[in-house]
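Structure file data_18.txt (compact mmCIF, C-alpha atoms) is printed below.
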```txt
# COMPACT_ATOMS: atom_id res chain seq x y z
CA MET A 1 144.32 -148.03 155.04
CA THR A 2 143.01 -147.19 158.50
CA GLU A 3 145.48 -145.37 160.76
CA VAL A 4 147.03 -147.16 163.68
CA ALA A 5 145.13 -145.88 166.71
CA GLU A 6 147.36 -147.37 169.39
CA LYS A 7 150.75 -149.03 169.54
CA LEU A 8 151.91 -151.65 171.97
CA ASP A 9 155.59 -152.46 172.30
CA ALA A 10 155.64 -155.96 173.78
CA ARG A 11 159.25 -156.67 172.89
CA GLY A 12 161.20 -158.38 175.63
CA MET A 13 157.98 -159.74 177.09
CA ASN A 14 157.30 -163.42 177.27
CA CYS A 15 154.07 -165.44 177.46
CA PRO A 16 151.48 -164.53 178.64
CA LEU A 17 152.32 -160.82 178.69
CA PRO A 18 152.06 -160.07 174.94
CA ILE A 19 148.49 -161.40 174.83
CA VAL A 20 147.40 -160.03 178.18
CA LYS A 21 148.76 -156.57 177.35
CA THR A 22 147.16 -156.75 173.90
CA ARG A 23 143.79 -157.34 175.53
CA LYS A 24 144.37 -154.30 177.76
CA ALA A 25 145.47 -152.12 174.84
CA LEU A 26 142.42 -153.12 172.79
CA ASN A 27 140.21 -151.78 175.57
CA LEU A 28 141.70 -148.34 174.90
CA ILE A 29 140.58 -148.12 171.28
CA ASN A 30 137.22 -148.16 169.55
CA THR A 31 135.59 -150.65 167.20
CA GLY A 32 137.17 -150.55 163.79
CA GLU A 33 140.40 -148.97 165.01
CA ILE A 34 143.77 -150.67 164.60
CA LEU A 35 146.17 -151.74 167.34
CA GLU A 36 149.77 -152.34 166.35
CA VAL A 37 151.63 -154.84 168.52
CA THR A 38 155.36 -155.48 168.28
CA SER A 39 156.73 -158.57 169.94
CA SER A 40 160.02 -160.41 170.13
CA ASP A 41 158.45 -163.66 171.34
CA PRO A 42 158.25 -166.21 168.50
CA GLY A 43 155.44 -167.94 170.39
CA SER A 44 153.33 -164.82 170.03
CA VAL A 45 152.79 -165.42 166.30
CA LYS A 46 150.53 -168.40 166.84
CA ASP A 47 149.14 -166.93 170.06
CA MET A 48 148.07 -163.70 168.37
CA ALA A 49 146.24 -165.59 165.61
CA VAL A 50 144.41 -167.75 168.15
CA PHE A 51 143.66 -164.74 170.35
CA CYS A 52 142.03 -162.92 167.45
CA GLU A 53 140.05 -165.97 166.42
CA GLN A 54 138.84 -166.58 169.97
CA THR A 55 137.90 -162.98 170.71
CA GLY A 56 136.48 -162.07 167.31
CA ASN A 57 139.01 -159.33 166.65
CA ARG A 58 140.47 -159.27 163.16
CA LEU A 59 144.15 -159.98 162.62
CA VAL A 60 144.76 -157.63 159.71
CA ALA A 61 148.45 -158.37 159.34
CA SER A 62 151.16 -160.51 160.91
CA ASN A 63 154.68 -159.75 159.76
CA GLU A 64 158.17 -160.72 160.76
CA ALA A 65 160.92 -158.13 160.63
CA GLU A 66 164.46 -158.96 161.84
CA SER A 67 163.72 -160.89 165.07
CA SER A 68 160.60 -158.92 165.89
CA TYR A 69 157.01 -159.60 164.93
CA VAL A 70 154.51 -156.92 164.08
CA PHE A 71 150.77 -157.53 164.28
CA LEU A 72 147.95 -155.28 163.18
CA ILE A 73 144.69 -156.01 164.93
CA GLU A 74 141.36 -154.44 164.10
CA LYS A 75 139.08 -154.20 167.10
CA ALA A 76 135.77 -155.95 166.68
CA MET B 1 87.65 -197.85 163.83
CA SER B 2 89.15 -196.54 160.62
CA SER B 3 89.48 -193.02 162.09
CA THR B 4 91.70 -194.41 164.90
CA ALA B 5 93.83 -196.17 162.30
CA GLU B 6 94.04 -192.88 160.40
CA ASN B 7 95.03 -191.03 163.58
CA ILE B 8 97.78 -193.53 164.26
CA GLN B 9 99.01 -193.17 160.70
CA ASP B 10 98.88 -189.35 160.95
CA ASN B 11 100.83 -189.42 164.19
CA ALA B 12 103.46 -191.69 162.67
CA GLN B 13 103.80 -189.33 159.72
CA LEU B 14 103.99 -186.35 162.05
CA ASP B 15 106.68 -188.07 164.08
CA ALA B 16 108.66 -188.90 160.97
CA TRP B 17 108.37 -185.31 159.77
CA LEU B 18 109.39 -183.99 163.18
CA ASP B 19 112.39 -186.32 163.26
CA LYS B 20 113.49 -185.12 159.85
CA LYS B 21 113.06 -181.48 160.77
CA LEU B 22 114.97 -181.89 164.03
CA ASP B 23 117.83 -183.59 162.19
CA GLU B 24 117.98 -180.59 159.92
CA LEU B 25 117.66 -177.82 162.47
CA LEU B 26 119.18 -179.14 165.68
CA PRO B 27 122.89 -179.27 164.72
CA LYS B 28 122.77 -175.62 163.67
CA LYS B 29 120.87 -174.59 166.79
CA ILE B 30 123.28 -176.46 169.05
CA GLU B 31 126.24 -174.89 167.29
CA GLN B 32 124.67 -171.44 167.73
CA ILE B 33 124.11 -171.99 171.43
CA GLU B 34 127.65 -173.34 171.91
CA ASN B 35 129.25 -170.45 170.04
CA ALA B 36 127.32 -167.91 172.05
CA LYS B 37 128.44 -169.41 175.36
CA THR B 38 131.34 -167.71 177.12
CA PRO B 39 134.05 -170.29 177.80
CA SER B 40 134.92 -170.71 181.46
CA MET B 41 137.82 -172.05 183.45
CA SER B 42 138.13 -173.04 187.08
CA ILE B 43 141.41 -173.67 188.84
CA ILE B 44 142.10 -175.35 192.16
CA ALA B 45 145.44 -173.95 193.28
CA THR B 46 147.10 -176.03 195.97
CA LYS B 47 150.81 -175.19 195.78
CA GLY B 48 152.76 -172.29 197.17
CA THR B 49 156.30 -172.57 195.82
CA LEU B 50 157.57 -170.13 193.20
CA ASP B 51 157.61 -172.68 190.40
CA TRP B 52 153.99 -173.60 191.12
CA ALA B 53 152.86 -170.00 191.59
CA TYR B 54 153.23 -169.25 187.89
CA PRO B 55 150.93 -171.84 186.27
CA PRO B 56 147.63 -170.75 187.89
CA PHE B 57 148.24 -167.04 187.27
CA ILE B 58 149.54 -167.48 183.73
CA LEU B 59 146.64 -169.72 182.74
CA ALA B 60 144.09 -167.51 184.47
CA SER B 61 145.40 -164.26 182.97
CA THR B 62 145.58 -165.80 179.50
CA ALA B 63 142.06 -167.21 179.72
CA ALA B 64 140.83 -163.85 180.97
CA ALA B 65 142.59 -162.14 178.05
CA LEU B 66 140.64 -164.43 175.74
CA GLY B 67 137.44 -163.25 177.38
CA TRP B 68 136.79 -166.35 179.45
CA GLU B 69 135.20 -166.43 182.90
CA VAL B 70 137.82 -167.57 185.39
CA ASP B 71 137.46 -168.72 188.99
CA ILE B 72 140.37 -169.79 191.19
CA PHE B 73 139.96 -171.72 194.43
CA PHE B 74 143.07 -171.36 196.59
CA THR B 75 143.57 -174.11 199.11
CA PHE B 76 146.39 -175.62 201.16
CA TYR B 77 149.67 -173.98 200.22
CA GLY B 78 147.96 -172.18 197.36
CA LEU B 79 146.69 -169.82 200.05
CA LEU B 80 150.21 -168.41 200.26
CA LEU B 81 149.64 -166.97 196.80
CA LEU B 82 146.88 -164.79 198.24
CA LYS B 83 149.12 -163.00 200.69
CA LYS B 84 149.60 -159.27 200.15
CA LYS B 85 153.34 -159.74 200.34
CA LEU B 86 154.31 -162.72 198.22
CA ALA B 87 157.29 -164.61 199.51
CA ALA B 88 157.16 -167.76 197.41
CA GLU B 89 160.39 -169.69 197.26
CA VAL B 90 161.66 -172.67 195.34
CA SER B 91 164.26 -175.35 195.85
CA PRO B 92 165.67 -178.04 193.60
CA LEU B 93 165.82 -180.28 196.67
CA GLY B 94 163.22 -182.96 196.11
CA ASN B 95 162.59 -181.28 192.76
CA PRO B 96 164.96 -183.22 190.47
CA ALA B 97 163.22 -181.87 187.36
CA MET B 98 164.32 -178.35 188.17
CA PRO B 99 167.31 -177.32 186.05
CA MET B 100 170.06 -175.42 187.83
CA LYS B 101 171.36 -172.94 185.29
CA MET B 102 173.12 -169.71 186.13
CA PRO B 103 171.29 -166.64 184.74
CA PHE B 104 174.45 -164.63 184.28
CA GLY B 105 177.82 -164.89 182.58
CA PRO B 106 178.76 -165.90 179.02
CA GLN B 107 176.24 -167.99 177.08
CA TRP B 108 178.20 -171.25 177.39
CA PHE B 109 178.21 -170.76 181.17
CA GLN B 110 174.48 -170.04 181.22
CA ASP B 111 173.74 -173.14 179.17
CA PHE B 112 175.37 -175.43 181.71
CA ASP B 113 173.00 -177.40 183.92
CA TRP B 114 174.77 -177.74 187.29
CA PRO B 115 174.37 -181.10 189.03
CA MET B 116 173.40 -180.43 192.63
CA PRO B 117 174.03 -183.13 195.22
CA ASN B 118 171.15 -183.52 197.67
CA LEU B 119 173.62 -183.24 200.51
CA LEU B 120 174.53 -179.76 199.36
CA MET B 121 170.93 -178.64 198.89
CA ALA B 122 169.83 -180.07 202.23
CA GLY B 123 172.94 -179.17 204.19
CA VAL B 124 173.70 -175.61 203.19
CA PRO B 125 171.40 -173.26 205.10
CA GLY B 126 169.66 -170.73 202.91
CA PHE B 127 170.10 -172.78 199.75
CA GLU B 128 166.47 -172.27 198.80
CA LYS B 129 167.02 -168.51 199.01
CA VAL B 130 169.83 -168.84 196.47
CA ALA B 131 167.75 -171.06 194.22
CA THR B 132 164.80 -168.64 194.47
CA GLY B 133 167.01 -165.68 193.62
CA LEU B 134 168.45 -167.48 190.61
CA MET B 135 165.03 -168.46 189.34
CA LYS B 136 163.72 -164.92 189.67
CA LYS B 137 166.72 -163.60 187.78
CA THR B 138 166.21 -166.18 185.06
CA PHE B 139 162.61 -165.09 184.63
CA LYS B 140 163.60 -161.44 184.62
CA ASN B 141 166.21 -162.06 181.94
CA LYS B 142 163.64 -163.74 179.73
CA GLY B 143 161.03 -161.03 180.16
CA VAL B 144 158.60 -163.16 182.12
CA ALA B 145 156.37 -161.22 184.50
CA THR B 146 156.74 -161.56 188.25
CA VAL B 147 154.06 -163.48 190.13
CA GLU B 148 152.84 -160.20 191.63
CA GLU B 149 152.44 -158.68 188.19
CA LEU B 150 150.57 -161.71 186.90
CA ARG B 151 148.30 -161.72 189.89
CA ASP B 152 147.55 -158.02 189.37
CA LEU B 153 146.78 -158.67 185.70
CA CYS B 154 144.38 -161.42 186.76
CA LEU B 155 142.59 -159.14 189.18
CA GLU B 156 142.38 -156.40 186.56
CA ALA B 157 140.81 -158.90 184.21
CA GLU B 158 138.28 -159.74 186.94
CA VAL B 159 139.43 -163.27 187.63
CA LYS B 160 137.51 -164.38 190.71
CA MET B 161 139.70 -165.60 193.56
CA VAL B 162 138.29 -167.45 196.54
CA ALA B 163 140.00 -168.95 199.56
CA CYS B 164 139.35 -172.28 201.20
CA GLN B 165 138.01 -171.50 204.68
CA MET B 166 139.01 -174.90 206.06
CA THR B 167 142.70 -174.66 205.24
CA VAL B 168 142.80 -171.03 206.32
CA ASP B 169 141.72 -172.31 209.75
CA VAL B 170 143.89 -175.43 209.77
CA PHE B 171 147.11 -173.65 208.86
CA GLY B 172 146.28 -170.64 210.98
CA PHE B 173 146.35 -168.06 208.22
CA ASP B 174 145.30 -164.54 209.10
CA PRO B 175 142.77 -163.44 206.46
CA GLY B 176 144.01 -159.91 207.07
CA GLU B 177 147.25 -160.95 205.35
CA PHE B 178 145.41 -161.75 202.14
CA ILE B 179 144.78 -159.34 199.30
CA PRO B 180 141.43 -157.59 199.76
CA GLU B 181 140.24 -158.76 196.32
CA VAL B 182 139.58 -162.28 197.61
CA THR B 183 135.85 -162.45 197.02
CA ASP B 184 134.93 -165.17 199.48
CA PHE B 185 136.01 -167.76 201.99
CA VAL B 186 134.27 -170.98 201.04
CA GLY B 187 134.42 -174.74 201.21
CA ALA B 188 134.77 -177.34 198.51
CA THR B 189 130.98 -177.67 198.42
CA SER B 190 130.66 -174.13 197.12
CA PHE B 191 133.38 -174.47 194.55
CA LEU B 192 132.50 -177.84 193.07
CA PRO B 193 129.35 -176.60 191.27
CA VAL B 194 131.44 -173.83 189.72
CA ALA B 195 134.01 -176.41 188.67
CA GLN B 196 131.33 -178.64 187.24
CA LYS B 197 129.86 -175.93 185.04
CA SER B 198 133.21 -174.67 183.79
CA ASP B 199 134.53 -175.87 180.45
CA VAL B 200 138.03 -176.35 181.79
CA CYS B 201 138.83 -177.36 185.37
CA LEU B 202 142.43 -177.60 186.46
CA PHE B 203 144.01 -178.96 189.59
CA ILE B 204 147.36 -177.27 190.13
```
The structure given in the file should be rewritten as structure tokens.
Amino acid sequence: MTEVAEKLDARGMNCPLPIVKTRKALNLINTGEILEVTSSDPGSVKDMAVFCEQTGNRLVASNEAESSYVFLIEKA
Amino acid sequence: MSSTAENIQDNAQLDAWLDKKLDELLPKKIEQIENAKTPSMSIIATKGTLDWAYPPFILASTAAALGWEVDIFFTFYGLLLLKKKLAAEVSPLGNPAMPMKMPFGPQWFQDFDWPMPNLLMAGVPGFEKVATGLMKKTFKNKGVATVEELRDLCLEAEVKMVACQMTVDVFGFDPGEFIPEVTDFVGATSFLPVAQKSDVCLFI
């Protein structure tokens, strides 16, 4: 399992911040590396999946853990 | 004579073959071209109140985050959103859809939508300042970015922002008051081709 190269804590942020900050954080890592995003916005679940599909990044995992959502994204 | 007839028959066969081949290959080719195209969005921003300041910047920053090309044409009161110091306000007066909920206190208190008589909203001086303050606090509580933050995120993501020269003149705006990142002062003529080519064009 590839190590998480960068973590983004987007808890407390509402649309569009989780996605916009994710885009920024992805710019900091290299292809193949993993970005871990934690969000408290339930809307971000669908948004993150669409974001990955639209931008070609791979959504490795999308998990819910006691009112927060954790996403693992592999940079394309 | 017969060679002409043969030619015609050959051409017809060639045409039929070409038709069949195009039917096979074109859909894939078109799909390839479409997938390779970068989606684009153009926005015509015409409003300057706080509630209308959010939509253009949220949509633009989200589209930019998705890798789209975004152009925003600020005109009329939208020009206020280009000022270095943003002072957008909002009022429920004439805005009956705006809920008046208090962003503080116990949850049952916060859930209550206060009916506001027009007389109160129109008569009490500074009411819009109160309403603006309450809205800003509501957004802060819910973790929504400020308009300034959203605008900065847009600029970082290279959203192109242009101002309408005509309304700058008409309303007497001082271009020196605008953020330096405004790329151009243009007319509708310059923006319409951009709008035409974009996949999504919004009038806000």
Give one line per residue of chain A that approaches chain B to at most 7 Å, naming the two atoms of the closest pair and their distance in Å to one decimal, counting all atoms listed in the file; sort by chain then ascending residue number and deliver it as JSON lines.
```
{"residue": "A:Gly12", "atom": "CA", "partner": "B:Gly143", "partner_atom": "CA", "distance": 5.3}
{"residue": "A:Met13", "atom": "CA", "partner": "B:Gly143", "partner_atom": "CA", "distance": 4.5}
{"residue": "A:Asn14", "atom": "CA", "partner": "B:Val144", "partner_atom": "CA", "distance": 5.0}
{"residue": "A:Cys15", "atom": "CA", "partner": "B:Val144", "partner_atom": "CA", "distance": 6.9}
{"residue": "A:Pro16", "atom": "CA", "partner": "B:Thr62", "partner_atom": "CA", "distance": 6.1}
{"residue": "A:Ile19", "atom": "CA", "partner": "B:Ala65", "partner_atom": "CA", "distance": 6.8}
{"residue": "A:Val20", "atom": "CA", "partner": "B:Ala65", "partner_atom": "CA", "distance": 5.3}
{"residue": "A:Arg23", "atom": "CA", "partner": "B:Ala65", "partner_atom": "CA", "distance": 5.6}
{"residue": "A:Phe51", "atom": "CA", "partner": "B:Leu66", "partner_atom": "CA", "distance": 6.2}
{"residue": "A:Gln54", "atom": "CA", "partner": "B:Leu66", "partner_atom": "CA", "distance": 6.4}
{"residue": "A:Thr55", "atom": "CA", "partner": "B:Leu66", "partner_atom": "CA", "distance": 5.9}
```
Can you pull out the residues contacting A:Ala65? Cut-off 12 Å, using all atoms listed in the file, and skip same-chain residues under 3 positions away; I want them as a list in words.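 Everything that qualifies: Thr38, Ser39, Ser40, Pro42, Ser62, Ser68, Tyr69, Val70 and Phe71 of chain A.
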Between atom CA of A:Val50 and atom CA of A:Pro18, what is the distance in Å, rounded to a tenth?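 One can read the atom CA of A:Val50 to atom CA of A:Pro18 distance as 12.8 Å.
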Pick from A:Leu17, A:Ala76, A:Ile34, A:Ile29, whichever lies nearest to A:Asp47 using only C-alpha atoms: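 When distances to A:Asp47 are compared using only C-alpha atoms, the smallest one comes from A:Leu17.
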Using Å and a single decimal, report how far atom CA of A:Lys21 sits from atom CA of B:Val162. 24.4 Å
So how far away is atom CA of B:Tyr77 from atom CA of B:Arg151, in Å?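 The value is 16.1 Å.
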Distance cut-off 12 Å, centre (165.5, -167.3, 189.0) in file coordinates, counting only C-alpha atoms: which residues qualify? Return them as a PyMOL selection string. chain B and resi 50-51+88-92+98-104+128-146
Which residue gives the smallest distance to A:Arg11 among A:Gly32, A:Met48, A:Asn27, A:Asp41, with all atoms listed in the file counted?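 Among the listed residues, the smallest separation from A:Arg11 belongs to A:Asp41.
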Any idea what's packed within 12 Å of A:Glu36, counting all atoms listed in the file, ignoring anything in its chain fewer than 5 positions away? Could you give it as a PyMOL selection string? chain A and resi 2-10+18+21-22+25-26+29+48+59-63+69-75
Enclosing box along x, y and z for every listed atom of stretch 43-60 of chain A, padded 8 Å each side, centre and size in Å, one decimal, as JSON:
```
{"center_x": 146.0, "center_y": -163.0, "center_z": 165.2, "size_x": 35.0, "size_y": 26.8, "size_z": 27.0}
```
Using all atoms listed in the file: which of B:Gly78, B:Pro125, B:Pro193, B:Pro27 has the shortest distance to B:Ala45: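 Checking each candidate against B:Ala45, we get B:Gly78 as the closest.
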